[in-house]
Amino acid sequence: MEAIRAVFPELPEDRLALLAALQPLYLEWNAKFNVISRKDTDDFCLHHVMHSLSLLRVVRFVPGSRVLDVGTGGGFPGIPLAVCCPQVRFVLCDSIGKKLKVAEDVVRQLGLPNVDFFHGRAETLPRHAFQYAVSRAVATLQQLLRWTDDKMAVTSPADAGGLYCLKGGDLTAELAGVPATRKVCVSVLSDFLPDPYFLEKKVVYVASRR
């Protein structure tokens, strides 16, 4: 937690305590089946919690807004974000029920009141129900935009609503497939996260359609 405290000094102690409670909960579930990669369990805080929270250095979710976590799996990035943004509503969506049950149990044990779940495909969710969508390397940008574009509420030009994806590696081909009419920003995580793990990792933002 010291690394998180250093990067996110604004987080109060009660939020940090909830983040610290995540690892034992996931390790307990991982003993039953592979929720997260076993090679990442020793670096759980860095590879899962810190990586998820890196979005908060790129976007400030408006209090009262709704965020769709597409392909959340066991609950990333949605659960760490929900811990740190208690005034924002998160909907964790995944088509694999087994992993979603893990996320549901973690949320229940943490007592998070601002998280809902949707077992199914994101494209079947109601239209215009969210201000933001987030995702962690579950599909290409083109696929994610197809799934989420009509889920985003109409926003003003001043808003930063839209899709925020945690990505890695060379994104040239994916970025070339985004329509030229869409605002796109790429943030390099190593600019504000010092660990070498983040050298090739980025956040890609694609603004909502106007």
# chains A, B, ... in the order shown; residues from 1 in each chain; ligands from 1
>>> residues_around(residues="A:Lys167", least_positions_apart="5", cutoff="12 Å", atoms="only C-alpha atoms", output="list of chain:residue names")
A:His51, A:Ser52, A:Ser54, A:Leu55, A:Val134, A:Ser135, A:Arg136, A:Ala137, A:Val138, A:Ala139, A:Thr140, A:Leu141, A:Thr172, A:Glu174, A:Leu175, A:Val186, A:Ser187, A:Val188, A:Leu189, A:Phe198, A:Leu199, A:Glu200, A:Lys201, A:Lys202, A:Val203, A:Val204, A:Tyr205
>>> closest_residue(among="A:Pro80, A:Val88, A:Gly168, A:Lys101", to="A:Ser190", atoms="only C-alpha atoms")
A:Gly168
>>> closest_residue(among="A:Leu68, A:Ala17, A:Val184, A:Val59", to="A:Leu92", atoms="only C-alpha atoms")
A:Leu68
>>> select_by_dssp(residues="stretch 63-130 of chain A", states="strand (DSSP E or B)", output="count of residues only")
17
>>> residues_around(residues="A:Asp116", least_positions_apart="4", cutoff="8 Å", atoms="only C-alpha atoms", output="ChimeraX atom specification")
/A:89-92
>>> write_last_selection(atoms="C-alpha atoms", output="mmCIF file, in the first residue's frame")
data_model
loop_
_atom_site.group_PDB
_atom_site.id
_atom_site.type_symbol
_atom_site.label_atom_id
_atom_site.label_comp_id
_atom_site.auth_asym_id
_atom_site.auth_seq_id
_atom_site.Cartn_x
_atom_site.Cartn_y
_atom_site.Cartn_z
ATOM 1 C CA ARG A 89 -21.827 4.371 -9.746
ATOM 2 C CA PHE A 90 -20.015 1.470 -11.431
ATOM 3 C CA VAL A 91 -21.632 -1.298 -13.466
ATOM 4 C CA LEU A 92 -19.324 -4.292 -13.879
#
>>> closest_residue(among="A:Leu18, A:Leu166, A:Ala207, A:Leu193", to="A:Ala3", atoms="only C-alpha atoms")
A:Leu193
>>> select_by_dssp(residues="stretch 11-113 of chain A", states="alpha helix (DSSP H)", output="short mmCIF file (atom, residue, chain, number, x, y, z; two decimals) with C-alpha atoms, in the first residue's frame")
data_model
loop_
_atom_site.label_atom_id
_atom_site.label_comp_id
_atom_site.auth_asym_id
_atom_site.auth_seq_id
_atom_site.Cartn_x
_atom_site.Cartn_y
_atom_site.Cartn_z
CA GLU A 13 -7.04 6.01 5.07
CA ASP A 14 -10.42 4.27 4.91
CA ARG A 15 -10.07 3.91 1.12
CA LEU A 16 -6.52 2.61 1.46
CA ALA A 17 -7.71 0.06 4.02
CA LEU A 18 -10.31 -1.24 1.54
CA LEU A 19 -7.68 -1.48 -1.19
CA ALA A 20 -5.40 -3.42 1.17
CA LEU A 22 -8.42 -6.81 -1.88
CA GLN A 23 -5.35 -9.06 -2.07
CA PRO A 24 -6.33 -11.62 0.59
CA LEU A 25 -9.84 -11.85 -0.88
CA TYR A 26 -8.52 -12.55 -4.38
CA LEU A 27 -5.86 -14.96 -3.14
CA GLU A 28 -8.56 -16.92 -1.34
CA TRP A 29 -10.59 -17.16 -4.54
CA ASN A 30 -7.51 -17.96 -6.61
CA PHE A 44 -1.07 -8.12 -7.06
CA HIS A 51 -2.82 -0.52 -12.86
CA SER A 52 -6.57 -0.05 -12.37
CA LEU A 53 -6.13 3.15 -10.38
CA GLY A 78 -13.96 -1.46 -11.73
CA ILE A 79 -13.59 -2.53 -8.09
CA PRO A 80 -10.45 -0.50 -7.22
CA LEU A 81 -12.01 2.50 -8.98
CA ALA A 82 -15.26 2.06 -7.06
CA VAL A 83 -13.31 1.97 -3.79
CA CYS A 84 -11.67 5.29 -4.59
CA GLY A 97 -20.55 -15.70 -14.88
CA LYS A 98 -17.90 -17.61 -12.92
CA LYS A 99 -15.54 -14.63 -12.72
CA LEU A 100 -18.37 -12.19 -12.15
CA LYS A 101 -19.40 -14.17 -9.07
CA VAL A 102 -15.92 -13.55 -7.67
CA ALA A 103 -16.31 -9.81 -8.23
CA GLU A 104 -19.75 -9.91 -6.60
CA ASP A 105 -18.35 -11.67 -3.53
CA VAL A 106 -15.44 -9.22 -3.22
CA VAL A 107 -17.82 -6.26 -3.42
CA ARG A 108 -20.09 -7.86 -0.83
CA GLN A 109 -17.23 -8.48 1.59
CA LEU A 110 -15.90 -4.94 1.15
#
>>> residues_around(residues="A:Ala6", least_positions_apart="2", cutoff="12 Å", atoms="only C-alpha atoms", output="number ranges by chain")
A: 1-4, 8-11, 16, 50, 192-194
>>> residues_around(residues="A:Gly161", least_positions_apart="5", cutoff="12 Å", atoms="only C-alpha atoms", output="PyMOL selection string")
chain A and resi 58-62+65-68+128+130-134+148-149+151-156+183-184+205-210
>>> decode(residues="stretch 158-175 of chain A", atoms="N, CA and C atoms", output="PDB file, in the first residue's frame")
ATOM      1  N   ALA A 158     -17.584  20.183 -23.484  1.00  0.00           N
ATOM      2  CA  ALA A 158     -16.620  20.403 -22.408  1.00  0.00           C
ATOM      3  C   ALA A 158     -16.400  19.164 -21.552  1.00  0.00           C
ATOM      4  N   ASP A 159     -17.295  18.195 -21.662  1.00  0.00           N
ATOM      5  CA  ASP A 159     -17.176  16.985 -20.852  1.00  0.00           C
ATOM      6  C   ASP A 159     -16.052  16.089 -21.356  1.00  0.00           C
ATOM      7  N   ALA A 160     -15.560  15.228 -20.464  1.00  0.00           N
ATOM      8  CA  ALA A 160     -14.540  14.242 -20.855  1.00  0.00           C
ATOM      9  C   ALA A 160     -15.141  12.854 -20.822  1.00  0.00           C
ATOM     10  N   GLY A 161     -16.433  12.759 -21.168  1.00  0.00           N
ATOM     11  CA  GLY A 161     -17.082  11.460 -21.215  1.00  0.00           C
ATOM     12  C   GLY A 161     -16.562  10.639 -22.379  1.00  0.00           C
ATOM     13  N   GLY A 162     -16.673   9.328 -22.256  1.00  0.00           N
ATOM     14  CA  GLY A 162     -16.223   8.460 -23.337  1.00  0.00           C
ATOM     15  C   GLY A 162     -15.567   7.210 -22.806  1.00  0.00           C
ATOM     16  N   LEU A 163     -14.769   6.588 -23.669  1.00  0.00           N
ATOM     17  CA  LEU A 163     -14.137   5.300 -23.394  1.00  0.00           C
ATOM     18  C   LEU A 163     -12.693   5.489 -22.957  1.00  0.00           C
ATOM     19  N   TYR A 164     -12.318   4.865 -21.847  1.00  0.00           N
ATOM     20  CA  TYR A 164     -10.949   4.888 -21.332  1.00  0.00           C
ATOM     21  C   TYR A 164     -10.453   3.452 -21.251  1.00  0.00           C
ATOM     22  N   CYS A 165      -9.442   3.117 -22.054  1.00  0.00           N
ATOM     23  CA  CYS A 165      -8.929   1.745 -22.132  1.00  0.00           C
ATOM     24  C   CYS A 165      -7.505   1.666 -21.602  1.00  0.00           C
ATOM     25  N   LEU A 166      -7.250   0.692 -20.762  1.00  0.00           N
ATOM     26  CA  LEU A 166      -5.888   0.357 -20.370  1.00  0.00           C
ATOM     27  C   LEU A 166      -5.319  -0.587 -21.418  1.00  0.00           C
ATOM     28  N   LYS A 167      -4.237  -0.162 -22.050  1.00  0.00           N
ATOM     29  CA  LYS A 167      -3.659  -0.903 -23.171  1.00  0.00           C
ATOM     30  C   LYS A 167      -2.150  -1.027 -22.988  1.00  0.00           C
ATOM     31  N   GLY A 168      -1.545  -1.901 -23.804  1.00  0.00           N
ATOM     32  CA  GLY A 168      -0.096  -2.048 -23.788  1.00  0.00           C
ATOM     33  C   GLY A 168       0.446  -2.289 -25.174  1.00  0.00           C
ATOM     34  N   GLY A 169       1.744  -2.051 -25.338  1.00  0.00           N
ATOM     35  CA  GLY A 169       2.416  -2.346 -26.598  1.00  0.00           C
ATOM     36  C   GLY A 169       2.154  -1.331 -27.686  1.00  0.00           C
ATOM     37  N   ASP A 170       2.380  -1.751 -28.928  1.00  0.00           N
ATOM     38  CA  ASP A 170       2.243  -0.886 -30.090  1.00  0.00           C
ATOM     39  C   ASP A 170       0.766  -0.770 -30.475  1.00  0.00           C
ATOM     40  N   LEU A 171       0.236   0.432 -30.429  1.00  0.00           N
ATOM     41  CA  LEU A 171      -1.185   0.652 -30.687  1.00  0.00           C
ATOM     42  C   LEU A 171      -1.442   1.281 -32.048  1.00  0.00           C
ATOM     43  N   THR A 172      -0.430   1.316 -32.903  1.00  0.00           N
ATOM     44  CA  THR A 172      -0.547   2.018 -34.186  1.00  0.00           C
ATOM     45  C   THR A 172      -1.741   1.538 -34.996  1.00  0.00           C
ATOM     46  N   ALA A 173      -1.875   0.230 -35.147  1.00  0.00           N
ATOM     47  CA  ALA A 173      -2.954  -0.318 -35.965  1.00  0.00           C
ATOM     48  C   ALA A 173      -4.322  -0.026 -35.353  1.00  0.00           C
ATOM     49  N   GLU A 174      -4.440  -0.184 -34.045  1.00  0.00           N
ATOM     50  CA  GLU A 174      -5.727   0.076 -33.396  1.00  0.00           C
ATOM     51  C   GLU A 174      -6.128   1.540 -33.512  1.00  0.00           C
ATOM     52  N   LEU A 175      -5.185   2.426 -33.283  1.00  0.00           N
ATOM     53  CA  LEU A 175      -5.494   3.859 -33.354  1.00  0.00           C
ATOM     54  C   LEU A 175      -5.860   4.273 -34.768  1.00  0.00           C
TER      55      LEU A 175
END
